Amino acid sequence: MLRDTVRGLAEAKIAPFAADVDEAGRFPQEALDALRAADLTAVHIPEEYGGAGADALATVIVIEEVARVCASSSLLPAVNKLGTMPLILSGSEELKQRYLTPVAAGEAMFSYCLSEPEAGSDAASMRTRAVRDGDFWVLDGVKRWITNAGVSEYYTVMAVTDPDKRSKGISAFVVEKSDEGVSFGAPEKKLGIKGSPTREVYLDRVRIPADRMIGAEGTGFATAMATLDHTRVTIAAQALGIAQGALDYAKQYVQERKQFGKAIAEFQGIQFMLADMAMKLEAARALTYQAAAKSERGDDDLTFFGAAAKCYASDVAMEITVDAIQLLGGYGYTRDYPVERMMRDAKITQIYEGTNQVQRIVMARNLPK
Ligand code: CAA
């Protein structure tokens, strides 16, 4: 029922704008309005904070169905989960009440600030500093590749509170867009997800009350990693949605396209490609849903499964979108058809929330028992 509802909404209110959002590189306001009206911008937020209390699998289905028509728009619910998960996992009750409630109501969005210009895969080498000053913390530094930067009202910022302790000297904070000293870089010019703003976040002596720390001092890196265990599942969902959109489009196209006197779908070479695409997609979906169940239960082996789902589904999405272009031939290579956009959008799912090389490091360190 949930899938049907989101699919209907996505096809009616988000799909018609997807090509223009990509072409113009503009924010998908229509998608945000439609998701807000349907209470779908942050379905994962628990009911006690005014949310829908959707479980991890339901959240995956929402993201999947939005990504099927517009990957940029799927980052609205996905990044709200990424930004709020540190609070949900480790925040005080008071912080959760204060910051989750407006996100659940669709009044605010939340971004996640871990990466820096010199700290990507090696996240623990970050340099952003937080220094205690009485009842305040003062933050200084630059965060990079921040999805929805400038649009989000709230930011989870990881910063170094004790430089001698590497990952154990990192703490997490809530920073507000309106805090003095917060500003944003120019939007990045990207290959895909062009409707999703990616900007640097500059923190210039940002003074925030001490109660904005999430969890205890020194636990920020562990919270950031535990967050990614859950949210890599949502990137897998995004990859599944993009791949499903490309497969659906290609399947329809080969039934209509005629060469040598018949629909090209009747040629075995085409049928084998579609069979492989559907097979890989269903394997990726099964792994992603298993990871979602583990995320919901908080199973010990989520670290492996979150990384595996994100890595596998994103690799499969890349293969399927490339094959979809091949099935459309020259038409697939043009912007008159949506599959080249889907291929460009799929590429980022192999990179963000940890490159697929990092996912393999994570998997190897956490092999299933
Ligand atoms: N859960 C809880 N705690 C964890 C954890 C997890 N999954 N993984 C690590 N930790 C904690 C542990 O306490 C660990 O300490 P112990 O030695 O006591 O176990 C501590 O963190 C340090 O862990 P590591 O020694 O494994 O740290 P590392 O420096 O070797 O780094 C890494 C590991 C996996 C490479 C990590 O740096 C990483 O995941 N890098 C990729 C970062 C990433 O995904 N960035 C994406 C940013 S989000 C994004 O893309 C933005 C967007 O807008 C979409």
# chains A, B, ... in the order shown; residues from 1 in each chain; ligands from 1
>>> residues_near_ligand(ligand="ligand 1", cutoff="7 Å", atoms="only C-alpha atoms and all ligand atoms", output="PyMOL selection string")
chain A and resi 79+111-115+120-124+145-147+167-168+221-223+225-226+228-229+303+352-355+358+361-362
>>> write_last_selection(atoms="N, CA, C and O atoms", output="compact mmCIF listing (two decimals), in the first residue's frame")
# COMPACT_ATOMS: atom_id res chain seq x y z
N VAL A 79 18.47 12.37 3.12
CA VAL A 79 19.42 13.19 3.89
C VAL A 79 18.78 13.65 5.20
O VAL A 79 19.49 13.83 6.20
N SER A 111 20.99 18.38 7.65
CA SER A 111 22.13 17.85 6.87
C SER A 111 23.18 17.27 7.82
O SER A 111 23.15 17.52 9.03
N TYR A 112 24.12 16.54 7.22
CA TYR A 112 25.12 15.78 7.98
C TYR A 112 26.50 16.24 7.53
O TYR A 112 26.81 16.17 6.33
N CYS A 113 27.32 16.73 8.46
CA CYS A 113 28.61 17.31 8.09
C CYS A 113 29.76 16.51 8.70
O CYS A 113 30.17 16.76 9.84
N LEU A 114 30.28 15.57 7.91
CA LEU A 114 31.41 14.76 8.35
C LEU A 114 32.64 15.11 7.50
O LEU A 114 33.70 15.47 8.03
N SER A 115 32.51 15.01 6.17
CA SER A 115 33.65 15.17 5.26
C SER A 115 34.21 16.59 5.27
O SER A 115 33.50 17.56 5.53
N GLY A 120 38.17 12.81 3.52
CA GLY A 120 37.05 12.16 2.85
C GLY A 120 36.90 10.76 3.37
O GLY A 120 36.25 10.51 4.39
N SER A 121 37.59 9.79 2.69
CA SER A 121 37.55 8.40 3.17
C SER A 121 38.12 8.29 4.57
O SER A 121 37.63 7.52 5.40
N ASP A 122 39.18 9.07 4.84
CA ASP A 122 39.80 9.05 6.17
C ASP A 122 39.11 10.10 7.04
O ASP A 122 39.67 11.14 7.37
N ALA A 123 37.87 9.77 7.41
CA ALA A 123 37.03 10.77 8.09
C ALA A 123 37.63 11.22 9.42
O ALA A 123 37.48 12.38 9.82
N ALA A 124 38.34 10.31 10.11
CA ALA A 124 38.86 10.65 11.44
C ALA A 124 39.99 11.68 11.39
O ALA A 124 40.38 12.22 12.42
N TRP A 145 31.14 18.73 0.63
CA TRP A 145 30.20 17.77 0.02
C TRP A 145 28.93 17.63 0.84
O TRP A 145 28.44 16.53 1.04
N ILE A 146 28.44 18.75 1.33
CA ILE A 146 27.29 18.65 2.24
C ILE A 146 25.98 18.78 1.44
O ILE A 146 25.66 19.84 0.89
N THR A 147 25.28 17.66 1.41
CA THR A 147 24.01 17.61 0.67
C THR A 147 22.97 18.47 1.37
O THR A 147 22.85 18.44 2.60
N SER A 167 40.15 9.44 16.56
CA SER A 167 38.70 9.24 16.46
C SER A 167 38.00 9.38 17.81
O SER A 167 36.83 9.76 17.88
N LYS A 168 38.71 9.11 18.90
CA LYS A 168 38.08 9.22 20.24
C LYS A 168 38.06 10.67 20.74
O LYS A 168 37.56 10.94 21.83
N PHE A 221 32.65 10.36 16.65
CA PHE A 221 33.05 9.54 15.51
C PHE A 221 32.26 8.23 15.50
O PHE A 221 31.76 7.79 14.47
N ALA A 222 32.14 7.62 16.69
CA ALA A 222 31.37 6.37 16.77
C ALA A 222 29.92 6.62 16.37
O ALA A 222 29.32 5.81 15.64
N THR A 223 29.36 7.76 16.79
CA THR A 223 27.98 8.09 16.41
C THR A 223 27.88 8.28 14.89
O THR A 223 26.93 7.81 14.25
N MET A 225 29.76 6.93 12.59
CA MET A 225 29.89 5.62 11.92
C MET A 225 28.63 4.79 12.11
O MET A 225 28.16 4.13 11.18
N ALA A 226 28.07 4.81 13.32
CA ALA A 226 26.84 4.05 13.57
C ALA A 226 25.69 4.59 12.72
O ALA A 226 24.85 3.83 12.23
N LEU A 228 26.04 5.92 9.74
CA LEU A 228 26.24 5.44 8.36
C LEU A 228 25.84 3.97 8.22
O LEU A 228 25.39 3.56 7.15
N ASP A 229 25.99 3.18 9.29
CA ASP A 229 25.53 1.78 9.21
C ASP A 229 24.06 1.75 8.80
O ASP A 229 23.65 0.92 7.99
N THR A 303 26.63 -3.50 10.50
CA THR A 303 27.76 -2.81 9.86
C THR A 303 28.13 -3.50 8.56
O THR A 303 28.29 -2.86 7.52
N TYR A 352 29.20 8.32 -2.58
CA TYR A 352 28.93 8.97 -1.28
C TYR A 352 28.48 8.00 -0.19
O TYR A 352 28.21 6.85 -0.46
N GLU A 353 28.48 8.54 1.02
CA GLU A 353 28.35 7.74 2.26
C GLU A 353 29.41 6.63 2.31
O GLU A 353 29.17 5.53 2.79
N GLY A 354 30.58 6.97 1.78
CA GLY A 354 31.72 6.06 1.74
C GLY A 354 31.83 5.43 0.36
O GLY A 354 30.87 4.83 -0.13
N THR A 355 33.00 5.56 -0.26
CA THR A 355 33.19 4.95 -1.58
C THR A 355 33.02 3.43 -1.47
O THR A 355 33.13 2.86 -0.37
N VAL A 358 35.78 1.91 0.35
CA VAL A 358 35.63 1.97 1.81
C VAL A 358 34.62 0.91 2.29
O VAL A 358 34.83 0.28 3.33
N ILE A 361 36.40 -2.21 2.79
CA ILE A 361 37.20 -2.19 4.03
C ILE A 361 36.28 -2.52 5.21
O ILE A 361 36.59 -3.36 6.05
N VAL A 362 35.13 -1.84 5.23
CA VAL A 362 34.18 -2.04 6.34
C VAL A 362 33.70 -3.50 6.37
O VAL A 362 33.66 -4.14 7.42
>>> residues_around(residues="Glu340 of chain A", least_positions_apart="2", cutoff="12 Å", atoms="only C-alpha atoms", output="ChimeraX atom specification")
/A:19,22-23,191-193,242-243,245-246,249-250,318,320-338,342-347
>>> write_last_selection(atoms="C-alpha atoms", output="CSV table (one decimal), in the first residue's frame")
chain,number,residue,atom,x,y,z
A,19,ALA,CA,14.2,16.3,-16.5
A,22,ASP,CA,18.4,18.0,-14.0
A,23,GLU,CA,18.8,20.2,-17.0
A,191,LEU,CA,27.8,15.0,-13.1
A,192,GLY,CA,24.5,13.9,-11.7
A,193,ILE,CA,22.0,14.5,-8.9
A,242,ILE,CA,17.3,4.5,-10.0
A,243,ALA,CA,17.9,1.1,-11.5
A,245,GLY,CA,13.4,3.4,-13.2
A,246,ALA,CA,16.0,2.6,-15.9
A,249,TYR,CA,11.9,2.5,-19.2
A,250,ALA,CA,14.2,0.2,-21.2
A,318,MET,CA,25.6,1.5,-12.5
A,320,ILE,CA,21.7,-1.5,-15.1
A,321,THR,CA,21.7,2.1,-16.1
A,322,VAL,CA,24.6,1.6,-18.6
A,323,ASP,CA,22.7,-1.3,-20.1
A,324,ALA,CA,19.5,0.7,-20.3
A,325,ILE,CA,21.3,3.2,-22.5
A,326,GLN,CA,22.6,0.4,-24.6
A,327,LEU,CA,19.1,-0.9,-25.1
A,328,LEU,CA,17.9,2.5,-26.3
A,329,GLY,CA,21.0,2.8,-28.6
A,330,GLY,CA,21.6,6.3,-29.9
A,331,TYR,CA,18.4,7.6,-28.3
A,332,GLY,CA,19.6,6.5,-24.9
A,333,TYR,CA,22.7,8.6,-25.3
A,334,THR,CA,20.7,11.8,-25.7
A,335,ARG,CA,19.0,14.0,-23.1
A,336,ASP,CA,15.7,13.5,-24.9
A,337,TYR,CA,15.4,10.2,-23.0
A,338,PRO,CA,15.8,9.8,-19.2
A,342,MET,CA,19.7,7.9,-14.5
A,343,MET,CA,23.2,6.7,-15.3
A,344,ARG,CA,24.7,10.0,-14.2
A,345,ASP,CA,22.6,9.9,-11.0
A,346,ALA,CA,23.6,6.3,-10.3
A,347,LYS,CA,27.3,7.1,-10.3
>>> residues_around(residues="segment 172-179 of chain A", least_positions_apart="3", cutoff="10 Å", atoms="only C-alpha atoms", output="PyMOL selection string")
chain A and resi 83-84+86-87+90-91+95+99+110-114+130+137+139+149-161+182-184+201+203+206-224
>>> write_last_selection(atoms="N, CA and C atoms", output="compact mmCIF listing (two decimals), in the first residue's frame")
# COMPACT_ATOMS: atom_id res chain seq x y z
N GLY A 83 20.93 13.20 8.48
CA GLY A 83 21.19 14.31 9.40
C GLY A 83 20.66 14.07 10.81
N THR A 84 19.51 13.40 10.90
CA THR A 84 18.87 13.23 12.22
C THR A 84 19.29 11.97 12.94
N PRO A 86 22.16 10.76 14.00
CA PRO A 86 23.01 10.91 15.19
C PRO A 86 22.20 11.29 16.43
N LEU A 87 21.21 12.17 16.23
CA LEU A 87 20.34 12.56 17.36
C LEU A 87 19.50 11.38 17.83
N SER A 90 21.94 8.93 19.59
CA SER A 90 22.75 9.34 20.76
C SER A 90 22.32 10.63 21.43
N GLY A 91 21.31 11.32 20.90
CA GLY A 91 20.96 12.64 21.44
C GLY A 91 20.19 12.56 22.74
N LEU A 95 17.22 17.46 23.31
CA LEU A 95 17.66 17.80 21.94
C LEU A 95 16.74 17.17 20.91
N TYR A 99 14.75 19.32 18.12
CA TYR A 99 15.16 19.32 16.70
C TYR A 99 14.45 18.30 15.81
N PHE A 110 17.51 18.57 7.72
CA PHE A 110 18.71 18.32 8.52
C PHE A 110 19.81 17.79 7.61
N SER A 111 20.99 18.38 7.65
CA SER A 111 22.13 17.85 6.87
C SER A 111 23.18 17.27 7.82
N TYR A 112 24.12 16.54 7.22
CA TYR A 112 25.12 15.78 7.98
C TYR A 112 26.50 16.24 7.53
N CYS A 113 27.32 16.73 8.46
CA CYS A 113 28.61 17.31 8.09
C CYS A 113 29.76 16.51 8.70
N LEU A 114 30.28 15.57 7.91
CA LEU A 114 31.41 14.76 8.35
C LEU A 114 32.64 15.11 7.50
N ALA A 130 36.36 22.15 17.77
CA ALA A 130 35.39 22.72 18.70
C ALA A 130 36.13 22.93 20.01
N TRP A 137 30.45 26.04 23.12
CA TRP A 137 31.50 25.48 22.29
C TRP A 137 31.68 26.43 21.11
N LEU A 139 33.06 26.60 17.29
CA LEU A 139 33.44 25.72 16.17
C LEU A 139 34.10 26.51 15.05
N ALA A 149 23.06 21.55 1.80
CA ALA A 149 23.64 22.70 2.51
C ALA A 149 22.99 23.98 2.00
N GLY A 150 22.65 24.84 2.92
CA GLY A 150 22.00 26.10 2.55
C GLY A 150 20.49 25.98 2.57
N VAL A 151 19.99 24.77 2.30
CA VAL A 151 18.54 24.55 2.32
C VAL A 151 18.12 24.07 3.71
N SER A 152 18.96 23.23 4.29
CA SER A 152 18.64 22.69 5.62
C SER A 152 18.76 23.77 6.69
N GLU A 153 17.85 23.70 7.65
CA GLU A 153 17.92 24.61 8.81
C GLU A 153 18.94 24.11 9.82
N TYR A 154 19.12 22.75 9.89
CA TYR A 154 19.95 22.17 10.95
C TYR A 154 21.04 21.29 10.36
N TYR A 155 22.17 21.20 11.09
CA TYR A 155 23.35 20.47 10.62
C TYR A 155 23.94 19.68 11.78
N THR A 156 24.17 18.39 11.56
CA THR A 156 24.95 17.63 12.53
C THR A 156 26.40 17.80 12.12
N VAL A 157 27.20 18.38 13.00
CA VAL A 157 28.60 18.67 12.67
C VAL A 157 29.52 17.86 13.57
N MET A 158 30.40 17.08 12.96
CA MET A 158 31.42 16.37 13.71
C MET A 158 32.67 17.26 13.78
N ALA A 159 33.23 17.42 14.98
CA ALA A 159 34.39 18.31 15.15
C ALA A 159 35.32 17.74 16.21
N VAL A 160 36.60 18.12 16.08
CA VAL A 160 37.62 17.63 17.01
C VAL A 160 37.55 18.41 18.32
N THR A 161 37.36 17.68 19.42
CA THR A 161 37.37 18.33 20.74
C THR A 161 38.67 18.00 21.49
N VAL A 182 28.01 30.91 10.40
CA VAL A 182 27.75 29.81 9.46
C VAL A 182 27.51 30.42 8.08
N SER A 183 28.24 29.91 7.07
CA SER A 183 27.98 30.35 5.69
C SER A 183 28.25 29.19 4.74
N PHE A 184 27.95 29.38 3.47
CA PHE A 184 28.00 28.26 2.52
C PHE A 184 28.79 28.62 1.27
N VAL A 201 30.26 23.95 3.85
CA VAL A 201 29.71 24.67 5.00
C VAL A 201 30.90 25.26 5.75
N LEU A 203 32.41 27.25 8.95
CA LEU A 203 32.13 27.53 10.36
C LEU A 203 33.20 28.49 10.84
N VAL A 206 31.86 29.81 15.28
CA VAL A 206 30.43 29.61 15.56
C VAL A 206 30.28 29.20 17.02
N ARG A 207 29.60 30.07 17.77
CA ARG A 207 29.49 29.87 19.23
C ARG A 207 28.12 29.29 19.54
N ILE A 208 28.13 28.06 20.06
CA ILE A 208 26.83 27.42 20.32
C ILE A 208 26.76 26.96 21.78
N PRO A 209 25.55 26.93 22.36
CA PRO A 209 25.40 26.47 23.75
C PRO A 209 25.92 25.05 23.90
N ALA A 210 26.51 24.76 25.08
CA ALA A 210 27.13 23.45 25.31
C ALA A 210 26.12 22.31 25.21
N ASP A 211 24.84 22.60 25.46
CA ASP A 211 23.85 21.50 25.40
C ASP A 211 23.53 21.05 23.98
N ARG A 212 24.18 21.67 22.99
CA ARG A 212 23.98 21.21 21.60
C ARG A 212 24.92 20.06 21.23
N MET A 213 25.72 19.61 22.18
CA MET A 213 26.55 18.43 21.89
C MET A 213 25.64 17.20 21.88
N ILE A 214 25.86 16.33 20.88
CA ILE A 214 25.07 15.10 20.77
C ILE A 214 25.84 13.98 21.48
N GLY A 215 25.25 13.45 22.56
CA GLY A 215 25.93 12.39 23.31
C GLY A 215 27.11 12.97 24.08
N ALA A 216 27.97 12.08 24.59
CA ALA A 216 29.09 12.53 25.42
C ALA A 216 30.26 13.00 24.55
N GLU A 217 31.10 13.83 25.16
CA GLU A 217 32.31 14.30 24.48
C GLU A 217 33.16 13.09 24.07
N GLY A 218 33.67 13.12 22.84
CA GLY A 218 34.54 12.04 22.37
C GLY A 218 33.81 10.88 21.70
N THR A 219 32.46 10.95 21.66
CA THR A 219 31.71 9.84 21.05
C THR A 219 31.22 10.18 19.63
N GLY A 220 31.61 11.34 19.12
CA GLY A 220 31.07 11.80 17.84
C GLY A 220 31.43 10.92 16.65
N PHE A 221 32.65 10.36 16.65
CA PHE A 221 33.05 9.54 15.51
C PHE A 221 32.26 8.23 15.50
N ALA A 222 32.14 7.62 16.69
CA ALA A 222 31.37 6.37 16.77
C ALA A 222 29.92 6.62 16.37
N THR A 223 29.36 7.76 16.79
CA THR A 223 27.98 8.09 16.41
C THR A 223 27.88 8.28 14.89
N ALA A 224 28.89 8.94 14.33
CA ALA A 224 28.89 9.18 12.87
C ALA A 224 28.95 7.85 12.11
>>> closest_atom_pairs(of="segment 250-293 of chain A", to="segment 56-65 of chain A", cutoff="8 Å", atoms="only C-alpha atoms", output="Markdown table")
| residue | atom | partner | partner_atom | distance |
| --- | --- | --- | --- | --- |
| A:Tyr289 | CA | A:Leu57 | CA | 6.4 |
| A:Ala292 | CA | A:Leu57 | CA | 5.2 |
| A:Ala293 | CA | A:Leu57 | CA | 6.5 |
>>> write_last_selection(atoms="N, CA, C and O atoms", output="JSON list (two decimals), in the first residue's frame")
[["chain", "number", "residue", "atom", "x", "y", "z"],
["A", 289, "TYR", "N", 16.79, -5.15, 1.54],
["A", 289, "TYR", "CA", 15.67, -5.33, 2.49],
["A", 289, "TYR", "C", 16.14, -6.12, 3.71],
["A", 289, "TYR", "O", 15.68, -5.88, 4.83],
["A", 292, "ALA", "N", 17.83, -3.60, 5.74],
["A", 292, "ALA", "CA", 16.82, -2.73, 6.38],
["A", 292, "ALA", "C", 16.25, -3.41, 7.62],
["A", 292, "ALA", "O", 16.06, -2.77, 8.66],
["A", 293, "ALA", "N", 16.00, -4.70, 7.53],
["A", 293, "ALA", "CA", 15.47, -5.42, 8.69],
["A", 293, "ALA", "C", 16.48, -5.41, 9.82],
["A", 293, "ALA", "O", 16.14, -5.22, 11.00]]
>>> closest_residue(among="A:Gly241, A:Gly306, A:Gly181, A:Gly195", to="Phe17 of chain A", atoms="only C-alpha atoms")
A:Gly195
>>> select_by_dssp(residues="segment 36-106 of chain A", states="alpha helix (DSSP H)", output="ChimeraX atom specification")
/A:36-37,56-69,71-90,93-104
